[in-house]
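*Asks:* A single structure is presented below for examination.
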Amino acid sequence: MASHEGIAALGVEGASAAAHALSLPAEAYGNDPRLEVMWAMKAYNHAEIYFNLISSVDPKFLKLTKVDDRIYSSFRETFKELDVKQLKEEDLKSIEAKERWRAFCNQFEGIVEDFNYGTLLRLDCEKDYSEENTIFATRVQFFAVEIARNREGCNDTVFRSKQSKS
């Protein structure tokens, strides 16, 4: 996961440049080393917003996309046995898993906006994002796992723990 220092080093001017750069086509980049920091910043911000959301709104009421039902039913058809509460790296990154995920994800091309954008996903849903608890995934993988976690009550622990501290 991106460090706060790396993101903070961009500053307001860097953040503005990042927002503009992320709207350009891929061909415009070449090998700009700042690009990795920009993507890390965007992924980190998304993760932070999502965690705050499941901490303050009962996850079972969240709707993450217009096609949550379709994503969830296809996900559970394809990955019946996957334990979304406690993911392991090989659940997403093994050769066999990558093939299954590729077929799953590609069905949402043109349906889920930015379906293959890089996103951060928590391995253990009862814990916050941290370097040890975070894996890089595509946006549709994130949606599939988090929709399942919300519907199956796995994110309730985060919501309840934040509510009890309030």
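The way I read the labels, and the way they are meant: chains A, B, ... in the order of the structure tokens, residue 1 as the first residue of every chain, and ligand 1 as the first ligand shown, with later ones counted on from there.
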For region 116-126 of chain A, find every residue with an atom within 7 Å (counting only C-alpha atoms), except residues of its own chain fewer than 5 positions away, and show them as a count of residues only.
*Replies:* 19
*Asks:* I need the residue nearest Ala144 (chain A) from this list: A:Glu48, A:Asp58, A:Glu36, A:Asp69. Use only C-alpha atoms for the distance.
*Replies:* A:Asp69
*Asks:* Take CA of Lys63 (chain A) and CA of Trp101 (chain A) and report the distance between them in Å, one decimal.
*Replies:*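 The value is 21.9 Å.
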*Asks:* List every residue of region 10-164 of chain A that DSSP, applied to the backbone of this structure, assigns to strand (DSSP E or B), and report them as a list of chain:residue names.
*Replies:*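 Across region 10-164 of chain A, those assigned strand (DSSP E or B) are A:Gln86, A:Gly118, A:Thr119, A:Leu120, A:Leu121, A:Arg122, A:Asp124, A:Thr134, A:Ile135, A:Phe136, A:Ala137, A:Thr138.
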*Asks:* Create the file for the chosen residues now, containing C-alpha atoms and written as a compact mmCIF listing (two decimals), in the first residue's frame.
*Replies:*
# COMPACT_ATOMS: atom_id res chain seq x y z
CA GLN A 86 -10.63 -14.10 5.08
CA GLY A 118 -6.47 -1.09 -9.91
CA THR A 119 -8.04 -1.05 -6.45
CA LEU A 120 -7.00 -2.03 -2.95
CA LEU A 121 -8.83 -4.92 -1.29
CA ARG A 122 -8.64 -6.01 2.34
CA ASP A 124 -9.33 -9.93 6.33
CA THR A 134 -4.15 -5.28 1.56
CA ILE A 135 -3.89 -6.78 -1.90
CA PHE A 136 -4.08 -5.14 -5.30
CA ALA A 137 -7.21 -6.16 -7.25
CA THR A 138 -9.30 -4.92 -10.14
*Asks:* What lies within 10 Å of Phe75 (chain A) using only C-alpha atoms, ignoring chain neighbours under 4 positions off, as JSON, numbers by chain?
*Replies:* {"A": [69, 70, 71, 79, 80, 82, 101, 104, 105, 141, 143, 144, 145, 147, 148]}
*Asks:* Suppose you want the space between CA of Tyr72 (chain A) and CA of Glu131 (chain A); what is it in Å?
*Replies:* 27.0 Å
*Asks:* Could you list, as a list in words, every residue within 9 Å of Ile54 (chain A), counting only C-alpha atoms and ignoring same-chain residues fewer than 3 positions away?
*Replies:*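 In the requested form, the answer reads Ile49, Tyr50, Phe51, Val57, Asp58, Pro59, Leu62, Asn150, Asn155, Asp156, Val158 and Phe159 of chain A.
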*Asks:* Quick one: pull the distance between CA of Thr65 (chain A) and CA of Gly110 (chain A), Å, one decimal.
*Replies:*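 Distance reported for this atom pair: 13.2 Å.
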*Asks:* Find the residue from A:Glu152, A:Asp114, A:Asp128, A:Glu146 that sits nearest to Asn52 (chain A); use only C-alpha atoms when measuring.
*Replies:*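 For Asn52 (chain A), the nearest of the given residues is A:Asp128.
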*Asks:* My list of candidates is A:Arg102, A:Arg151, A:Lys66, A:Lys93. Which is closest to Thr78 (chain A) when distances are computed with only C-alpha atoms?
*Replies:*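 Between A:Arg102, A:Arg151, A:Lys66, A:Lys93, the residue approaching Thr78 (chain A) most closely is A:Arg102.
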